[in-house]
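This report concerns only the one structure given below.
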Amino acid sequence: MHIIVIGGGITGLSAAWELQQRGIGYSLLEASDRWGGKVISQQIEFDNASFLVEGGPDTLITRKPEAWDLAKELGMLDQVVNPGSEMSGTYVLDNASLHPLPVSPTRFFSTPLLTLRGKLRMLAELFQPARRDDGDESLADFVRRRLGQEALDKFIGPVLGGIYNTDPEKQSIMVSSPVMREMEKDGGGLFLGALKRAFTGNKKKNTEKKPRFVSFKNGLQALTDELARQLTGDLRLNARVTSVMKKDGKYHVTLANGERLLADGVILATLAQQASALVKDMSAEASQRLGAMRQQNIGTLSLVYRESDIPEKPIVNGLMIPRREKRMIDAVTFTSRKMPERSSPGYAVVRVFIGGGSPEMVEFSDEKLIAAVKRELGELLGITADPQTWTAFRWECGFPQAEVGHLERVDEIEKFLPAGIALAGSSYRGIAVPDCIRQGREAAAKIVASLRGGLVPPKQS
């Protein structure tokens, strides 16, 4: 049995790893010249100073165990670092003013972000009837129903909207925050569900203690680099696939250089738009539906300043910017405060997220882009000095938009694909790194099961 995995990001690498663990032959094909996709860590050096910056995700949430478990399998836990509390020192922009994000009960009651009426409405969540079905709804509708409009506008919306770079009115709650729906369904509400989870979690014995958020000493790319290093199958970079066809019981995968590979099954670990082009000769319906799935521009910039050029107050570690503020940037984090060991002393590294409210920024020239970002940082945070250096990472149409009903649409698409073809990755069932790892490994297990008549072989020790 031989499986071809198309796409060498974290999803494809994880799929190949699962196949290798099960003793299955595979080829891993990546169109670009590097492994890891949007997981990219870069070292910046100038004037004897050194900085480690991330282009894509910079931390892993351990509540979703897949990344932690994979790091353990790879023998990487000694490289894990804890960046501390993700929300500590985070502010929200509201009516052009900065307000600390209330992350504790005392701050919740004292925050000027919410009116007294808004706070009482949030507390009334305890008495809201729970929706017990499995139906989807928008993130905005869910928060409004449970916590009220103010909580959506001033609190929850900016946080989750910033994380998922999308419009909460369209974003699927079942993709972005399924745990919130589970808390409502199983616990009767968010507050009650959280209490129930805390109580049952404390009663569990022998649970492995780990920080809430983690990264690696040399950046998140250390995970994908180590995965690629430990894979022993047929790995190919600069191997762009142009077509996938099924003929005489085999899959024929054609590369841009004209080479044709044969496989018993294919895992498409790509974004939906790329998968759409690859399945068109096998299923026009699946191709059309994949092509209709929205993807949005996204990008990040890391700017290095002298610490003396950063205003002393307020001490901001992060800034969430709601779309209603109509700013050009989506969020800001001070990575030199979040992970000081990654920056030389005397400097501040400011990371800026773009593409949500102003997707056109991703297509700006370097000159126009840095001018717009400098203007935003000056108006919002009082940073008027020029950065000492900066770098940008851009992905046009690179961020999937999971709108209401998304999971049902993915289920329907898969029904139109022939046996032996599997979809996995951020376009389908979650965008976080652990979600992608889970999808890659599940796709590998399922495709092996389908080819073995439903019997999944045991992993090789």
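Chains: A, B, ... in order of the structure tokens. Residues: from 1 per chain. Ligands: from 1, in order shown.
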
Closest atom pairs, residues of range 33-60 of chain A within 8 Å of range 236-250 of chain A, only C-alpha atoms, as JSON lines:
{"residue": "A:Asp33", "atom": "CA", "partner": "A:Asn238", "partner_atom": "CA", "distance": 5.3}
{"residue": "A:Arg34", "atom": "CA", "partner": "A:Leu237", "partner_atom": "CA", "distance": 6.6}
{"residue": "A:Trp35", "atom": "CA", "partner": "A:Leu237", "partner_atom": "CA", "distance": 7.7}

Output for the residues just chosen: C-alpha atoms as a JSON list (two decimals), in the first residue's frame:
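Now in out.json:
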[["chain", "number", "residue", "atom", "x", "y", "z"],
["A", 33, "ASP", "CA", 10.82, 25.05, -1.18],
["A", 34, "ARG", "CA", 10.20, 24.53, 2.56],
["A", 35, "TRP", "CA", 8.17, 22.40, 4.97]]

Tell me, as a list in words, which residues lie within 10 Å of Gln274 in chain A, counting only C-alpha atoms; anything in the same chain fewer than 4 positions away does not count.
->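 The filter keeps Gly7, Val241, Thr242, Leu268, Ala269, Thr270, Leu278, Val279, Ser287, Leu290 and Gly291 of chain A.
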
Restrict the selected residues to N, CA and C atoms and save them as a PDB file, in the first residue's frame.
ATOM      1  N   GLY A   7       0.730  18.409   0.078  1.00  0.00           N
ATOM      2  CA  GLY A   7       0.770  19.547   0.996  1.00  0.00           C
ATOM      3  C   GLY A   7       1.682  19.267   2.166  1.00  0.00           C
ATOM      4  N   VAL A 241       1.756  19.639  -7.625  1.00  0.00           N
ATOM      5  CA  VAL A 241       0.850  18.677  -8.259  1.00  0.00           C
ATOM      6  C   VAL A 241      -0.114  19.426  -9.164  1.00  0.00           C
ATOM      7  N   THR A 242      -0.279  18.941 -10.379  1.00  0.00           N
ATOM      8  CA  THR A 242      -1.186  19.596 -11.336  1.00  0.00           C
ATOM      9  C   THR A 242      -2.493  18.847 -11.526  1.00  0.00           C
ATOM     10  N   LEU A 268      -5.387  15.047   0.581  1.00  0.00           N
ATOM     11  CA  LEU A 268      -5.253  16.428   0.126  1.00  0.00           C
ATOM     12  C   LEU A 268      -5.136  17.330   1.351  1.00  0.00           C
ATOM     13  N   ALA A 269      -3.914  17.620   1.755  1.00  0.00           N
ATOM     14  CA  ALA A 269      -3.654  18.463   2.924  1.00  0.00           C
ATOM     15  C   ALA A 269      -3.362  19.886   2.452  1.00  0.00           C
ATOM     16  N   THR A 270      -4.313  20.433   1.695  1.00  0.00           N
ATOM     17  CA  THR A 270      -4.176  21.765   1.108  1.00  0.00           C
ATOM     18  C   THR A 270      -5.391  22.608   1.475  1.00  0.00           C
ATOM     19  N   LEU A 278      -7.625  20.159  -7.837  1.00  0.00           N
ATOM     20  CA  LEU A 278      -7.069  18.814  -7.943  1.00  0.00           C
ATOM     21  C   LEU A 278      -8.126  17.729  -8.081  1.00  0.00           C
ATOM     22  N   VAL A 279      -9.346  17.979  -7.612  1.00  0.00           N
ATOM     23  CA  VAL A 279     -10.375  16.930  -7.676  1.00  0.00           C
ATOM     24  C   VAL A 279     -11.333  17.113  -8.850  1.00  0.00           C
ATOM     25  N   SER A 287     -15.513  19.613  -6.599  1.00  0.00           N
ATOM     26  CA  SER A 287     -14.648  20.715  -7.014  1.00  0.00           C
ATOM     27  C   SER A 287     -15.364  22.051  -6.900  1.00  0.00           C
ATOM     28  N   LEU A 290     -15.887  22.945  -3.153  1.00  0.00           N
ATOM     29  CA  LEU A 290     -14.628  23.347  -2.532  1.00  0.00           C
ATOM     30  C   LEU A 290     -14.237  24.750  -2.985  1.00  0.00           C
ATOM     31  N   GLY A 291     -14.428  25.019  -4.269  1.00  0.00           N
ATOM     32  CA  GLY A 291     -14.082  26.329  -4.805  1.00  0.00           C
ATOM     33  C   GLY A 291     -14.925  27.451  -4.254  1.00  0.00           C
TER      34      GLY A 291
END

Residue nearest Ser97 in chain A among A:Arg375, A:Lys154, A:Arg394, A:Lys185 (counting only C-alpha atoms) | A:Lys154

List every residue of range 34-108 of chain A that DSSP, applied to the backbone, labels as alpha helix (DSSP H), and write the result as a PDB file with N, CA and C atoms, in the first residue's frame.
ATOM      1  N   GLU A  66      -3.334  17.561  20.815  1.00  0.00           N
ATOM      2  CA  GLU A  66      -2.664  16.919  19.683  1.00  0.00           C
ATOM      3  C   GLU A  66      -1.228  17.403  19.468  1.00  0.00           C
ATOM      4  N   ALA A  67      -0.992  18.707  19.592  1.00  0.00           N
ATOM      5  CA  ALA A  67       0.365  19.223  19.375  1.00  0.00           C
ATOM      6  C   ALA A  67       1.306  18.783  20.492  1.00  0.00           C
ATOM      7  N   TRP A  68       0.827  18.854  21.725  1.00  0.00           N
ATOM      8  CA  TRP A  68       1.631  18.407  22.869  1.00  0.00           C
ATOM      9  C   TRP A  68       1.978  16.927  22.728  1.00  0.00           C
ATOM     10  N   ASP A  69       0.989  16.117  22.362  1.00  0.00           N
ATOM     11  CA  ASP A  69       1.226  14.680  22.218  1.00  0.00           C
ATOM     12  C   ASP A  69       2.229  14.394  21.103  1.00  0.00           C
ATOM     13  N   LEU A  70       2.114  15.150  20.003  1.00  0.00           N
ATOM     14  CA  LEU A  70       3.052  14.957  18.898  1.00  0.00           C
ATOM     15  C   LEU A  70       4.464  15.351  19.319  1.00  0.00           C
ATOM     16  N   ALA A  71       4.589  16.468  20.028  1.00  0.00           N
ATOM     17  CA  ALA A  71       5.908  16.888  20.511  1.00  0.00           C
ATOM     18  C   ALA A  71       6.517  15.822  21.419  1.00  0.00           C
ATOM     19  N   LYS A  72       5.679  15.188  22.221  1.00  0.00           N
ATOM     20  CA  LYS A  72       6.158  14.120  23.105  1.00  0.00           C
ATOM     21  C   LYS A  72       6.655  12.934  22.271  1.00  0.00           C
ATOM     22  N   GLU A  73       5.902  12.549  21.243  1.00  0.00           N
ATOM     23  CA  GLU A  73       6.312  11.442  20.383  1.00  0.00           C
ATOM     24  C   GLU A  73       7.643  11.738  19.700  1.00  0.00           C
ATOM     25  N   PRO A 105     -12.702  38.235  37.780  1.00  0.00           N
ATOM     26  CA  PRO A 105     -14.000  38.740  38.250  1.00  0.00           C
ATOM     27  C   PRO A 105     -13.940  40.176  38.756  1.00  0.00           C
ATOM     28  N   THR A 106     -12.873  40.540  39.473  1.00  0.00           N
ATOM     29  CA  THR A 106     -12.793  41.908  40.002  1.00  0.00           C
ATOM     30  C   THR A 106     -12.670  42.920  38.873  1.00  0.00           C
ATOM     31  N   ARG A 107     -11.879  42.590  37.854  1.00  0.00           N
ATOM     32  CA  ARG A 107     -11.745  43.507  36.719  1.00  0.00           C
ATOM     33  C   ARG A 107     -13.027  43.553  35.893  1.00  0.00           C
ATOM     34  N   PHE A 108     -13.730  42.435  35.860  1.00  0.00           N
ATOM     35  CA  PHE A 108     -14.995  42.409  35.126  1.00  0.00           C
ATOM     36  C   PHE A 108     -15.977  43.415  35.714  1.00  0.00           C
TER      37      PHE A 108
END

Rank A:Leu139, A:Ile156, A:Leu303, A:Ile413 by their smallest atom-to-atom distance to Met174 in chain A, using only C-alpha atoms, and report the top residue only.
->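 Under the stated criterion, the closest residue is A:Leu139.
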
Between CA of Pro322 in chain A and CA of Thr166 in chain A, what is the spacing in Å?
-> 10.5 Å

Between CA of Glu285 in chain A and CA of Arg441 in chain A, measure the distance and give it in Å to one decimal.
-> 26.0 Å

Contacts of Phe393 in chain A at 6 Å (only C-alpha atoms; same-chain gap of 6+ positions) as a ChimeraX atom specification = /A:55,299-300

Of the candidates A:Leu13, A:Ile3, A:Glu18, A:Glu412, which one gets nearest to Glu442 in chain A if we count only C-alpha atoms?
-> A:Glu18

Test item: residues at most 12 Å from Trp390 in chain A, only C-alpha atoms, excluding those fewer than 4 positions along its chain, as a list in words |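 Contacts, with the query itself left out: Gln42, Gln43, Ile44, Glu45, Phe46, Phe51, Leu52, Val53, Gly55, Thr300, Leu301, Ser302, Leu303, Val304, Tyr305, Ala348, Val349, Val350, Arg351, Val352, Asp366, Glu367, Leu369, Ile370, Ala371, Val373, Lys374 and Asp386 of chain A.
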
Selection above as a file: C-alpha atoms, as a PDB file, in the first residue's frame:
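Produced file out-v9.pdb, reproduced below:
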ATOM      1  CA  GLN A  42      12.594  33.614  11.365  1.00  0.00           C
ATOM      2  CA  GLN A  43      15.759  34.956  12.967  1.00  0.00           C
ATOM      3  CA  ILE A  44      16.380  38.686  12.444  1.00  0.00           C
ATOM      4  CA  GLU A  45      19.849  40.072  13.130  1.00  0.00           C
ATOM      5  CA  PHE A  46      21.290  43.598  12.925  1.00  0.00           C
ATOM      6  CA  PHE A  51      15.380  38.487  17.370  1.00  0.00           C
ATOM      7  CA  LEU A  52      13.251  35.403  16.777  1.00  0.00           C
ATOM      8  CA  VAL A  53       9.896  36.232  15.162  1.00  0.00           C
ATOM      9  CA  GLY A  55       5.214  34.592  10.677  1.00  0.00           C
ATOM     10  CA  THR A 300       1.655  39.697   9.997  1.00  0.00           C
ATOM     11  CA  LEU A 301       4.448  42.197  10.457  1.00  0.00           C
ATOM     12  CA  SER A 302       7.150  42.152  13.117  1.00  0.00           C
ATOM     13  CA  LEU A 303       8.688  45.567  13.790  1.00  0.00           C
ATOM     14  CA  VAL A 304      11.793  46.059  15.949  1.00  0.00           C
ATOM     15  CA  TYR A 305      12.020  49.304  17.952  1.00  0.00           C
ATOM     16  CA  ALA A 348      10.919  45.929  21.668  1.00  0.00           C
ATOM     17  CA  VAL A 349       9.377  43.671  19.025  1.00  0.00           C
ATOM     18  CA  VAL A 350       5.854  44.646  17.996  1.00  0.00           C
ATOM     19  CA  ARG A 351       3.793  42.173  15.988  1.00  0.00           C
ATOM     20  CA  VAL A 352       0.908  43.526  13.896  1.00  0.00           C
ATOM     21  CA  ASP A 366       6.272  47.255   1.165  1.00  0.00           C
ATOM     22  CA  GLU A 367       6.498  51.047   1.224  1.00  0.00           C
ATOM     23  CA  LEU A 369       2.300  48.743   3.945  1.00  0.00           C
ATOM     24  CA  ILE A 370       4.879  49.971   6.454  1.00  0.00           C
ATOM     25  CA  ALA A 371       3.609  53.544   6.122  1.00  0.00           C
ATOM     26  CA  VAL A 373       1.176  50.300   9.911  1.00  0.00           C
ATOM     27  CA  LYS A 374       3.401  53.075  11.320  1.00  0.00           C
ATOM     28  CA  ASP A 386      10.687  54.518  12.850  1.00  0.00           C
TER      29      ASP A 386
END

Find the residues near Gly135 in chain A: any atom within 10 Å, counting only C-alpha atoms, skip ones fewer than 6 places away on the same chain, and give them as a list of chain:residue names.
->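 Residues near the query, excluding close chain neighbours: A:Ile173, A:Met174, A:Arg181, A:Val404, A:Gly405, A:Glu408.
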
Using N, CA and C atoms, can you export the residues from the last selection as a compact mmCIF listing (two decimals), in the first residue's frame?
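Below you can see again12.txt, which holds the result:
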# COMPACT_ATOMS: atom_id res chain seq x y z
N ILE A 173 -19.88 28.91 15.07
CA ILE A 173 -19.51 28.64 16.46
C ILE A 173 -18.97 27.22 16.59
N MET A 174 -19.46 26.29 15.75
CA MET A 174 -19.04 24.90 15.85
C MET A 174 -17.61 24.69 15.36
N ARG A 181 -20.17 25.75 22.87
CA ARG A 181 -21.44 25.04 22.64
C ARG A 181 -21.52 23.80 23.51
N VAL A 404 -21.30 29.80 9.02
CA VAL A 404 -22.34 28.95 9.63
C VAL A 404 -22.71 27.80 8.69
N GLY A 405 -22.76 26.60 9.22
CA GLY A 405 -23.06 25.41 8.43
C GLY A 405 -21.83 24.80 7.78
N GLU A 408 -21.20 20.90 8.09
CA GLU A 408 -22.16 20.15 7.28
C GLU A 408 -21.76 20.21 5.81
